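Report on the following structure.
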Amino acid sequence: MTRWFEFLRWAMLTAVMAWTASGVAQDAQNREEPPSSGSLSASSSDSVRELREQVRELQTAVAGMRSDWQRARAETEELRRELDEVRAGTGLRNAVVTDAVVKSEGTSAEAAVGSSQDSSQNLLQNTAQEDQEHDQKRGEHAASLEEEYQLLSGKVDDQYQTKVESASKYRLRLSGIVLMNLVSNRGWVDNIDIPTLAGAKPPGDSGGSFGATLRQSEIGFEAFGPSVAGAKTRADLQLDLAGGFPSVPNGINSGLLRLRTGTMRMDWTNTSVVVGQDGIFFSPNSPTSFASLAVPALSYAGNLWSWVPQIRVEHRVVLGEESSLMFQGGILDPISGEAPLFGYYRQAGPGELSRQPAYAARIAWTHDVFGQPLRVGVGGFYSRQDYGFSRTVDGWAGMTDIELPLSHQFSLSGKLYRGKGLGGLGGGIGRSALFSGDPRLASTQVQGLNSVGGWAQLKYRPSNKLEFNAAFGMDNPYASDLKYFTYAQAYGDPTLARNQGSFVNMIYRPRSDLLFSAEYRHLTTYTITEGGNSAGHLNLMMGVLF
């Protein structure tokens, strides 16, 4: 019996050692084939192709290791079952032998049986321990392969995303969003997919509308240039398809390409110089909405904004680990809000006829609260407008903006302004001045339009993937200015007295590159002749970011 156990033990140990050696050899072979960085060529397509081949090889290796691991566990269970059967048979034989030997020889047989049982127990314990160690090693190796696979997958993604070919040797990054908007309106609005004003229902109108559009989709290019005088240089260009419609059948579904912003920057450690067309830096924030990308949400309802050619300087002062100050100042193209006279030739507007740029400045304080920036900014703006025959209007504005975290999930943001002649920035419901008659006549009087307005938004973000927003805004031109002329004229509706808008929306991002959103917006526009007109707007969105 002792020889049987010795033979069985050595056979099992030999099998386990051979099995372990084969696994170790396979592991060593897998580990001797890491991706070679020296094999990466100058061609980005070759790099991506080679990395993808390495990823496929790692996937095959991981699948093989998992299969071997499962087969080894099955073989271990079978071996344990056979050992249990041998142990049961050995126990029965030991009992018979013990009874016989006790009758004949006494205690000597008991010692032999005890030795046999101890040998069987030690064999089982050693085998179980070796199985456990082997399983642990295979598990660790499989985890290592998984980690290496994830690393190579990330490298493939990086190569695929950043290797955009350009004419220069500097890196170029492509980004944007493909956005689908389904819209439904109740009442009359000035623009069925991006409404800003509500009006009276025309005779015979159905009282509503439905439509779909992709013209709010965007595309952007960001170029990273060389370091100059210690500053990092880069440029950014943003375009969309909201530049109007071609005069062709179904042209509403063929939005024209439009320039949004295009900037060039030089960034030092604490100072930046920005040149190009950008948002107005002295009124930076806007409500959160994917229903209004072509124009920011609550435009002409208290949200001053515009994309204006400008040159500005920014300087940051660190006050502590969590606080800083930002000083901004610059000059801008003196726009005043009127539409171009021609589709190709550019003629000077009232701001440009003043022969001087617009000026603006802003100071902002930032402090970290609840892991988010608490920011308070104060800005000022000035622009002179010349309407000919020595008729000038001094456009100006004072404004403040705030971003206030209330907790880790809630935050409040908003903006207030007071100014005059701000039609180019959306103030005064898009009007800078009112006229007593034809502006081209020297006898026509000009009155700069004063206005006040602002907006506020409450954001609730229960998770990184989901957020809810509720906002309200209002633009209120001064009634005294509107009544200054009995029959006023303007490059817009001169009878508009107040415009207010509100919305609630939900934005869900299951992935960083995918979003779904739903928004309901309510608009109320008052006139000095008809009172208030209301409209409702429902917008359902799906977007893919790249």
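Chain labels follow the order of the structure tokens: the first chain is A, the next B, and so on; residue numbering restarts at 1 in every chain, and ligands are counted from 1 in their shown order.
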_If we count only C-alpha atoms and set the cut-off at 10 Å, which residues sit around region 285-290 of chain A, ignoring sequence neighbours fewer than 6 positions away in its own chain? Please answer as JSON, numbers by chain._
{"A": [179, 180, 181, 216, 279, 296, 297, 298, 299, 303, 304, 305, 401, 402, 403, 413, 414, 415, 455, 456, 457, 458, 459, 468, 469, 470, 471, 472, 473, 503, 504, 505, 506, 507, 515, 516, 517, 518, 519, 539, 540, 541, 542, 543]}
*Quick one: of A:Phe389, A:Tyr417, A:Trp268, A:Trp188, who's nearest to His522 (chain A), counting only C-alpha atoms?*
A:Trp188
_Using DSSP secondary structure from the backbone, list all strand (DSSP E or B) positions within region 224-346 of chain A, as a ChimeraX atom specification._
/A:224-228,231-240,258-267,271-279,299,303,307-318,323-332
_Residue nearest Gly536 (chain A) - candidates A:Arg171, A:Arg498, A:Arg521, A:Lys232, atoms counted: only C-alpha atoms_ = A:Arg521
*Distance query Arg173 (chain A) at most 7 Å, only C-alpha atoms, self and fewer than 3 positions along chain excluded, as a PyMOL selection string*: chain A and resi 162+164+221-223
Could you take the residues named above and write them with all heavy atoms, as an mmCIF file, in the first residue's frame?
data_model
loop_
_atom_site.group_PDB
_atom_site.id
_atom_site.type_symbol
_atom_site.label_atom_id
_atom_site.label_comp_id
_atom_site.auth_asym_id
_atom_site.auth_seq_id
_atom_site.Cartn_x
_atom_site.Cartn_y
_atom_site.Cartn_z
ATOM 1 N N THR A 162 -4.614 61.868 -32.858
ATOM 2 C CA THR A 162 -3.732 63.018 -32.960
ATOM 3 C C THR A 162 -2.973 63.083 -34.281
ATOM 4 O O THR A 162 -2.486 64.140 -34.642
ATOM 5 C CB THR A 162 -2.711 63.025 -31.810
ATOM 6 O OG1 THR A 162 -1.936 61.818 -31.868
ATOM 7 C CG2 THR A 162 -3.427 63.081 -30.481
ATOM 8 N N VAL A 164 -3.310 63.750 -37.371
ATOM 9 C CA VAL A 164 -3.995 64.377 -38.490
ATOM 10 C C VAL A 164 -2.936 65.067 -39.339
ATOM 11 O O VAL A 164 -2.165 65.894 -38.849
ATOM 12 C CB VAL A 164 -5.047 65.388 -38.000
ATOM 13 C CG1 VAL A 164 -5.724 66.050 -39.189
ATOM 14 C CG2 VAL A 164 -6.070 64.692 -37.120
ATOM 15 N N PHE A 221 -10.677 73.054 -35.854
ATOM 16 C CA PHE A 221 -9.289 72.666 -36.072
ATOM 17 C C PHE A 221 -8.429 73.431 -35.063
ATOM 18 O O PHE A 221 -8.580 74.642 -34.900
ATOM 19 C CB PHE A 221 -8.829 73.014 -37.488
ATOM 20 C CG PHE A 221 -9.673 72.401 -38.568
ATOM 21 C CD1 PHE A 221 -10.775 73.081 -39.069
ATOM 22 C CD2 PHE A 221 -9.360 71.157 -39.078
ATOM 23 C CE1 PHE A 221 -11.556 72.528 -40.058
ATOM 24 C CE2 PHE A 221 -10.138 70.598 -40.070
ATOM 25 C CZ PHE A 221 -11.247 71.275 -40.560
ATOM 26 N N GLU A 222 -7.541 72.706 -34.420
ATOM 27 C CA GLU A 222 -6.624 73.328 -33.467
ATOM 28 C C GLU A 222 -5.202 72.949 -33.849
ATOM 29 O O GLU A 222 -4.875 71.760 -33.949
ATOM 30 C CB GLU A 222 -6.933 72.871 -32.041
ATOM 31 C CG GLU A 222 -6.136 73.616 -30.985
ATOM 32 C CD GLU A 222 -6.563 73.248 -29.576
ATOM 33 O OE1 GLU A 222 -7.353 72.290 -29.434
ATOM 34 O OE2 GLU A 222 -6.100 73.904 -28.615
ATOM 35 N N ALA A 223 -4.377 73.945 -34.087
ATOM 36 C CA ALA A 223 -2.997 73.735 -34.497
ATOM 37 C C ALA A 223 -2.065 74.183 -33.379
ATOM 38 O O ALA A 223 -2.265 75.242 -32.777
ATOM 39 C CB ALA A 223 -2.690 74.515 -35.770
#
*Residues near Asn270 (chain A), cut-off 9 Å, only C-alpha atoms, skip fewer than 4 positions along chain, as a VMD selection string*: chain A and resid 314 to 318
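When only C-alpha atoms are used to measure the gap to Ser463 (chain A), the shortest distance among A:Gln409, A:Ser480, A:Gly428, A:Gly448 belongs to A:Gln409.
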*Residues within 12 Å of Gly371 (chain A), only C-alpha atoms, excluding chain neighbours under 4 positions, as a count of residues only*: 10
*All residues 12 Å or closer to Asn191 (chain A), only C-alpha atoms, same chain fewer than 2 positions away omitted, as a list in words*: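 Answer for this query is Val183, Ser184, Asn185, Gly187, Trp188, Val189, Asp193, Ile194, Pro195, Thr196, Leu197, Ala198, Gly199, Gly208, Ser209, Phe210, Gly211, Ala242, Gly244, Ile252, Ser292, Ala294, Val295, Ala535 and His537 of chain A.
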